[in-house]
Every structure is written in C-alpha cells, then in structure tokens.
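Visitor: Below is the structure I would like to discuss, written out as structure tokens.
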Amino acid sequence: MTVYHFVGIKGTGMSPLAQILHDNGFTVQGSDIEKYIFTQKALEDRNIPVYPFNPENIKPGMTVIAGNAFDDSHPEIAKAFAEDIPVIRYHKFLGDYLKKFTSVAVTGAHGKTSTTGLLSHVIQKAKPTSYLIGDGTGKGSENSEYFVLEACEYRRHFLSYQPDYAIMTNIDFDHPDYFANIEDVFDAFQTMALQVNKGIIACGDDEYLMKIHANVPVVYYGFADENDFQARNVIKNTEGTTFDVFVRNTFYDTFYIPAYGSHNVLNSLAVIALCHYEQVDVDIIKEGLQTFSGVKRRFNEKVVGDQVLIDDYAHHPTEIMVTIEAARQKYPERDIVAVFQPHTFTRTQSFLNEFAESLKKADYVYLCDIFGSAREHAGKLTISDLQEKIGDAGLIDEQDITVLKEHKNSVLIFMGAGDIQKYLRAYENALV
C-alpha cells in the first residue's frame, strides 16, 4: 500500500489533509520543523508519525505530498525527484481528491475558517461529511457524501479546485506581497467562480461579489433587501444573536447563534443558504447553529481572575474591527484592551492607516513587534510607525507584559497571525 509522506505536515492545510487520509485507512507520515505548532496535536492523537526534516525520510514506494511553503530545492523534495518518487503539490492532490464527493469550497478574504467550521458542523448532522478547516482540523469518513474545505485565495491557490459549490464570504484587499490591488483580488475570485460546477453562495452585501459572473446559479445572502437569503429582526445581546431569515421575501424560520457580531450572522446565513439549497431539514440547521462551539484561534476565551483573555487570529483591519465589535456585544460593561501583533511588513505598510483606525475602536491598545515573513525584507518600517498613527498605544514585549494587569475587570484581546500566543502565554504565566 502507498505511504503518503507530507513535507511540512504541520501546515494548517497539510495537517488536516493528513488526518483525512489517515481516517480513510491510508498510511500517512510526515516531516516538519521540530518547534511545537498547535496543528500537530491532532496528528499525535491519531499516532501519525512526524519526523524532523531529513532526506532519509524519503523511501521508494512513497507518494510525497509537498506543502506550498517548500520549493523543489527542499532536501526531501529534491531527493524524491532524483529517485523518481512521485511528488504532488498539496493543492493539486486536494483538487483531485475532491472529485469523489459533493464538494463545497469556502473562500473569501475574511471568515473562511469560521464558516468552514460552521458548515462542517451543521451538514455532518444531515449526511456523512469529510472536512478540511484552515485551523488545522480535518476529518475523513469513508462513506462521506460531502467534502467541505477552506479554499485560500493567496497566490490563487484555490484555482486548483473545481468544486460543486463555492461559498464566497467577501472580497477585500489583503496579501499585498502577492496581489497588486483589489481588482487583482477580484480577478482571482472571478476566475474561481467560473470553475464552480453547481452553484455559488455569495454575500450580496459585498460590492465586489455583486459583480461576479458565473456559469451556475449565484445565490446571494446578507442584510440588504435585494438578497435571496436575508437576515431581518436581528437581536443582539450578551448571550448571543437571534435573527429571522427570509428566503426571497418569504419568512423561512428564526435562528439563534451563541456568537457575537454581525459577521457571525453573515457566516450563519451562508451556511443556511447552502443547506437550504441541498434540502437539509431546517431543524437540523437550527440545532447545528446552536451547538457550534467555534474553531481554533477565533474568539477563544478564557477567564483569569477578573479579566477575560481572548485569543484571535485577526490580522487585517476589517477582522480587528469585527472582533472588537463582537467583544463589545458580549461584554458591554467592560473596557476592551487590544493587544496586537502585526503580521508581515508588507501588510503593515499597506494598511498602516487602516490598522490604526480599527485599533482605535478599543479602549486601550498595546502593540507587539511586527512578525515578519521569511519572504520579505523589513525595510525601515517599525512598530513605532503604527504607534504614532494611533497616538496613545503602548509597546510591550514578551519579557515585560505585566502592565496589562492594570486593566481590572477588562477584556484583553490578543490578535495576530504570527506568534501572538507567546505573549498570551507569557501574560498568563505572569498572573500565576
């Protein structure tokens, strides 16, 4: 039997794909850096072997699945090529694998992971479902009818897929190290739309998604009256959010989600629309929405003393704004303290003013040093440039984080896509 060897198995897409193949009875192993990454826990739970990078890991009879972070000169990949051992890139392998199922690709500049997690949770209550979520979570079921996956637009990777359905949450300018501008991002999504086989569920409140052309039906959801699936009578409180759904102006049902912020209503609407299209019973949808506990690194809360500590992946100005909005809905009486680590110099430079404006929505702001990417040069940009734009933001480092103790009875949101969690851990240790 073929052994699948994953080069970069701890990647947020690679780890869940390895989990799926393992669940379906394949022999799986992989290699990566030795530093602990949260995506490896699920691999360890399944006893999937993970080795340090070493060309000796590559042996005849294997098929190598190569992560996109590693080019053909990587010692393991180079050895596989030299010995005629098959090498398949992650997205190519996944694109082929999808064809066995009714596939749903969830894409968008923001909300991909949460929506993929929510849809997976709901639809598996109706039919056997395999899923790949970008927080490192994967599940394979041998009799799966559905395959739900997070599909990332970065470097146009999602063009490797030809899904039955696509959910498109929004189009926004991000990844300025790759995309030239918002029109370039739109072009990628437009190309993706033409590869969808059955239908597109798109947010009609997004001005760019309204311009999408496709060869399949496009069903729109959102708050505006023109949408096919519309949320009305939204009631937000500290327990969650309740809203009515109208399908083409006809009342469908009332839904409750234990989640906060308008963005979570939109994510839920996308899931409701897809499930409605696939004729999933409304009671299954309602129960699934009510029992969803979230995905990793999205508004994950912990209460320590009189403070609420939140870990969130927000790394774009739009995401920061909706995360602060959600915290205000749940904790209206408390101060909101943003602790932010910018991710990549190119993104920080491109959105310097927007980052400042979104962070000002918090009551207090603390900044960590910019987390740079190996693909870029820092130039002259420093965290002080962002601090100046905000005005009264503090600077903190991992060694001296005790200033946060001053914020009694507050909500502290640790945000970023780098290693912001080390600041959260340092602060938790300082509280002991």
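Residues are referred to by chain and number: the chain letter is A, B, ... according to the order shown in the structure tokens, the number counts from 1 in that chain, and ligands are numbered separately from 1 in the order shown.
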I'd like the contact shell of Phe371 of chain A - 6 Å cut-off, only C-alpha atoms, skipping same-chain residues fewer than 2 positions apart - returned as a PDB file with N, CA and C atoms, in the first residue's frame.
Guide:
ATOM      1  N   HIS A 343       1.211  41.235  11.323  1.00  0.00           N
ATOM      2  CA  HIS A 343       1.762  40.070  10.631  1.00  0.00           C
ATOM      3  C   HIS A 343       2.202  40.480   9.233  1.00  0.00           C
ATOM      4  N   THR A 344       3.466  40.435   8.996  1.00  0.00           N
ATOM      5  CA  THR A 344       4.229  40.802   7.788  1.00  0.00           C
ATOM      6  C   THR A 344       4.387  42.321   7.648  1.00  0.00           C
ATOM      7  N   GLY A 418       0.813  35.810  13.682  1.00  0.00           N
ATOM      8  CA  GLY A 418       2.189  35.339  13.882  1.00  0.00           C
ATOM      9  C   GLY A 418       2.281  34.446  15.100  1.00  0.00           C
TER      10      GLY A 418
END
Visitor: May I have the residues within 6 Å of segment 291-308 of chain A as a count of residues only, using only C-alpha atoms and disregarding those fewer than 4 positions away in the same chain?
Guide: 6
Visitor: Would you mind writing down, as a PyMOL selection string, each residue of segment 211-424 of chain A that DSSP on the backbone assigns to alpha helix (DSSP H)?
Guide: chain A and resi 262-277+282-291+317-330+345-350+352-359+383-390+421-424
Visitor: Looking at A:Pro49, A:Pro258, A:Gly134, A:Gly204, which one is nearest to Gly11 of chain A, with distances taken over only C-alpha atoms?
Guide: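 Once distances to Gly11 of chain A are computed over only C-alpha atoms, the minimum belongs to A:Gly134.
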Visitor: Can you check which residues of segment 7-232 of chain A DSSP gives as strand (DSSP E or B) on the backbone and send them as a PyMOL selection string?
Guide: chain A and resi 7+27-32+50-52+62-66+87-89+102-107+129-133+137-139+146-150+165-168+199-203+218-222+229-232
Visitor: Fewer than 3 positions away in the same chain doesn't count, so skip those; otherwise give me all residues within 12 Å of Thr63 of chain A, counting only C-alpha atoms, as an MDAnalysis selection string.
Guide: chainID A and resid 1:7 26:30 57:60 66 76:77 80:81 83:90 93
Visitor: What does the structure give for the distance between atom CA of Arg155 of chain A and atom CA of Phe173 of chain A, in Å to one decimal?
Guide: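 If I compute the distance from atom CA of Arg155 of chain A to atom CA of Phe173 of chain A, I get 13.0 Å.
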Visitor: List as a ChimeraX atom specification the protein and nucleic acid residues near Lys360 of chain A, meaning an atom at most 7 Å away when only C-alpha atoms are counted, but skip any in the same chain fewer than 3 places from it.
Guide: /A:356-357,390
Visitor: Kindly give the distance, in Å, that separates atom CA of Lys41 of chain A and atom CA of Gln421 of chain A, rounded to a single decimal.
Guide: 16.1 Å
Visitor: Could you give me, as a compact mmCIF listing (two decimals) with N, CA and C atoms, in the first residue's frame, the residues within 8 Å of segment 216-222 of chain A, counting only C-alpha atoms and dropping anything in the same chain fewer than 6 positions from it?
Guide:
# COMPACT_ATOMS: atom_id res chain seq x y z
N VAL A 196 -16.74 26.67 -10.76
CA VAL A 196 -17.72 26.04 -9.88
C VAL A 196 -18.76 25.30 -10.73
N ASN A 197 -19.13 24.10 -10.29
CA ASN A 197 -19.96 23.23 -11.12
C ASN A 197 -21.46 23.31 -10.88
N LYS A 198 -21.90 23.64 -9.64
CA LYS A 198 -23.34 23.58 -9.34
C LYS A 198 -23.94 24.92 -8.92
N GLY A 199 -23.27 25.64 -8.03
CA GLY A 199 -23.85 26.88 -7.54
C GLY A 199 -22.89 27.65 -6.65
N ILE A 200 -23.10 28.96 -6.57
CA ILE A 200 -22.28 29.83 -5.73
C ILE A 200 -23.20 30.51 -4.71
N ILE A 201 -22.80 30.46 -3.45
CA ILE A 201 -23.49 31.17 -2.38
C ILE A 201 -22.59 32.37 -2.03
N ALA A 202 -23.04 33.58 -2.31
CA ALA A 202 -22.18 34.76 -2.17
C ALA A 202 -22.85 35.83 -1.33
N CYS A 203 -22.04 36.60 -0.60
CA CYS A 203 -22.57 37.68 0.22
C CYS A 203 -22.96 38.86 -0.67
N GLY A 204 -24.26 39.13 -0.73
CA GLY A 204 -24.76 40.20 -1.59
C GLY A 204 -24.54 41.59 -1.02
N ASP A 205 -24.07 41.69 0.23
CA ASP A 205 -23.76 42.99 0.80
C ASP A 205 -22.36 43.46 0.40
N ASP A 228 -31.27 37.07 -1.80
CA ASP A 228 -32.15 35.90 -1.83
C ASP A 228 -32.41 35.38 -0.42
N PHE A 229 -31.37 35.36 0.39
CA PHE A 229 -31.47 34.97 1.81
C PHE A 229 -31.13 36.20 2.64
N GLN A 230 -32.12 36.70 3.38
CA GLN A 230 -31.94 37.96 4.10
C GLN A 230 -32.15 37.74 5.59
N ALA A 231 -31.27 38.33 6.39
CA ALA A 231 -31.45 38.33 7.85
C ALA A 231 -32.20 39.61 8.24
N LEU A 266 -23.74 36.81 9.18
CA LEU A 266 -23.48 36.58 7.76
C LEU A 266 -22.93 35.17 7.51
N LEU A 269 -25.77 32.81 7.76
CA LEU A 269 -26.64 32.91 6.58
C LEU A 269 -26.08 32.11 5.40
N ALA A 270 -24.77 32.17 5.22
CA ALA A 270 -24.14 31.41 4.14
C ALA A 270 -24.39 29.92 4.32
N ALA A 273 -28.08 29.09 3.68
CA ALA A 273 -28.39 29.10 2.25
C ALA A 273 -27.91 27.82 1.57
Visitor: With only C-alpha atoms as the counted atoms, please give the residues lying no more than 8 Å from Ser141 of chain A, apart from itself and same-chain residues fewer than 4 positions off, as a PyMOL selection string.
Guide: chain A and resi 20+23-24+128-130
Visitor: Next, the residues of the selection above should be written as a PDB file, in the first residue's frame with all heavy atoms.
Guide:
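selection.pdb written:
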ATOM      1  N   ILE A  20      -7.346  13.428   7.263  1.00  0.00           N
ATOM      2  CA  ILE A  20      -8.408  12.865   6.421  1.00  0.00           C
ATOM      3  C   ILE A  20      -7.954  11.550   5.791  1.00  0.00           C
ATOM      4  O   ILE A  20      -8.682  10.549   5.811  1.00  0.00           O
ATOM      5  CB  ILE A  20      -8.820  13.888   5.334  1.00  0.00           C
ATOM      6  CG1 ILE A  20      -9.560  15.071   5.970  1.00  0.00           C
ATOM      7  CG2 ILE A  20      -9.693  13.243   4.262  1.00  0.00           C
ATOM      8  CD1 ILE A  20      -9.664  16.288   5.071  1.00  0.00           C
ATOM      9  N   ASP A  23      -7.787   8.850   8.398  1.00  0.00           N
ATOM     10  CA  ASP A  23      -9.133   8.405   8.778  1.00  0.00           C
ATOM     11  C   ASP A  23      -9.722   7.456   7.734  1.00  0.00           C
ATOM     12  O   ASP A  23     -10.556   6.598   8.051  1.00  0.00           O
ATOM     13  CB  ASP A  23     -10.073   9.601   8.947  1.00  0.00           C
ATOM     14  CG  ASP A  23      -9.730  10.458  10.163  1.00  0.00           C
ATOM     15  OD1 ASP A  23      -8.871  10.046  10.962  1.00  0.00           O
ATOM     16  OD2 ASP A  23     -10.330  11.544  10.301  1.00  0.00           O
ATOM     17  N   ASN A  24      -9.298   7.629   6.482  1.00  0.00           N
ATOM     18  CA  ASN A  24      -9.812   6.793   5.403  1.00  0.00           C
ATOM     19  C   ASN A  24      -8.968   5.546   5.160  1.00  0.00           C
ATOM     20  O   ASN A  24      -9.125   4.872   4.134  1.00  0.00           O
ATOM     21  CB  ASN A  24      -9.933   7.611   4.112  1.00  0.00           C
ATOM     22  CG  ASN A  24     -11.156   8.512   4.126  1.00  0.00           C
ATOM     23  OD1 ASN A  24     -12.132   8.243   4.804  1.00  0.00           O
ATOM     24  ND2 ASN A  24     -11.097   9.607   3.384  1.00  0.00           N
ATOM     25  N   PRO A 128     -23.049  12.031   6.011  1.00  0.00           N
ATOM     26  CA  PRO A 128     -21.615  11.850   6.324  1.00  0.00           C
ATOM     27  C   PRO A 128     -20.775  12.870   5.555  1.00  0.00           C
ATOM     28  O   PRO A 128     -20.983  13.077   4.358  1.00  0.00           O
ATOM     29  CB  PRO A 128     -21.323  10.422   5.854  1.00  0.00           C
ATOM     30  CG  PRO A 128     -22.647   9.737   5.860  1.00  0.00           C
ATOM     31  CD  PRO A 128     -23.659  10.792   5.506  1.00  0.00           C
ATOM     32  N   THR A 129     -19.856  13.503   6.274  1.00  0.00           N
ATOM     33  CA  THR A 129     -19.103  14.629   5.713  1.00  0.00           C
ATOM     34  C   THR A 129     -17.630  14.542   6.095  1.00  0.00           C
ATOM     35  O   THR A 129     -17.295  14.292   7.256  1.00  0.00           O
ATOM     36  CB  THR A 129     -19.681  15.967   6.239  1.00  0.00           C
ATOM     37  OG1 THR A 129     -21.066  16.057   5.875  1.00  0.00           O
ATOM     38  CG2 THR A 129     -18.938  17.159   5.669  1.00  0.00           C
ATOM     39  N   SER A 130     -16.764  14.747   5.123  1.00  0.00           N
ATOM     40  CA  SER A 130     -15.342  14.972   5.399  1.00  0.00           C
ATOM     41  C   SER A 130     -15.100  16.479   5.343  1.00  0.00           C
ATOM     42  O   SER A 130     -15.780  17.187   4.607  1.00  0.00           O
ATOM     43  CB  SER A 130     -14.466  14.270   4.362  1.00  0.00           C
ATOM     44  OG  SER A 130     -14.588  12.870   4.456  1.00  0.00           O
TER      45      SER A 130
END
Visitor: Taking into account only C-alpha atoms, which residue in the set A:His110, A:Lys380, A:Lys422, A:Lys127 is nearest to Asp397 of chain A?
Guide: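 Using only C-alpha atoms, Asp397 of chain A sits closest to A:Lys422.
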Visitor: In Å, rounded to a single decimal, give me how far atom CA of Leu149 of chain A is from atom CA of Thr116 of chain A.
Guide: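 A separation of 6.4 Å between them.
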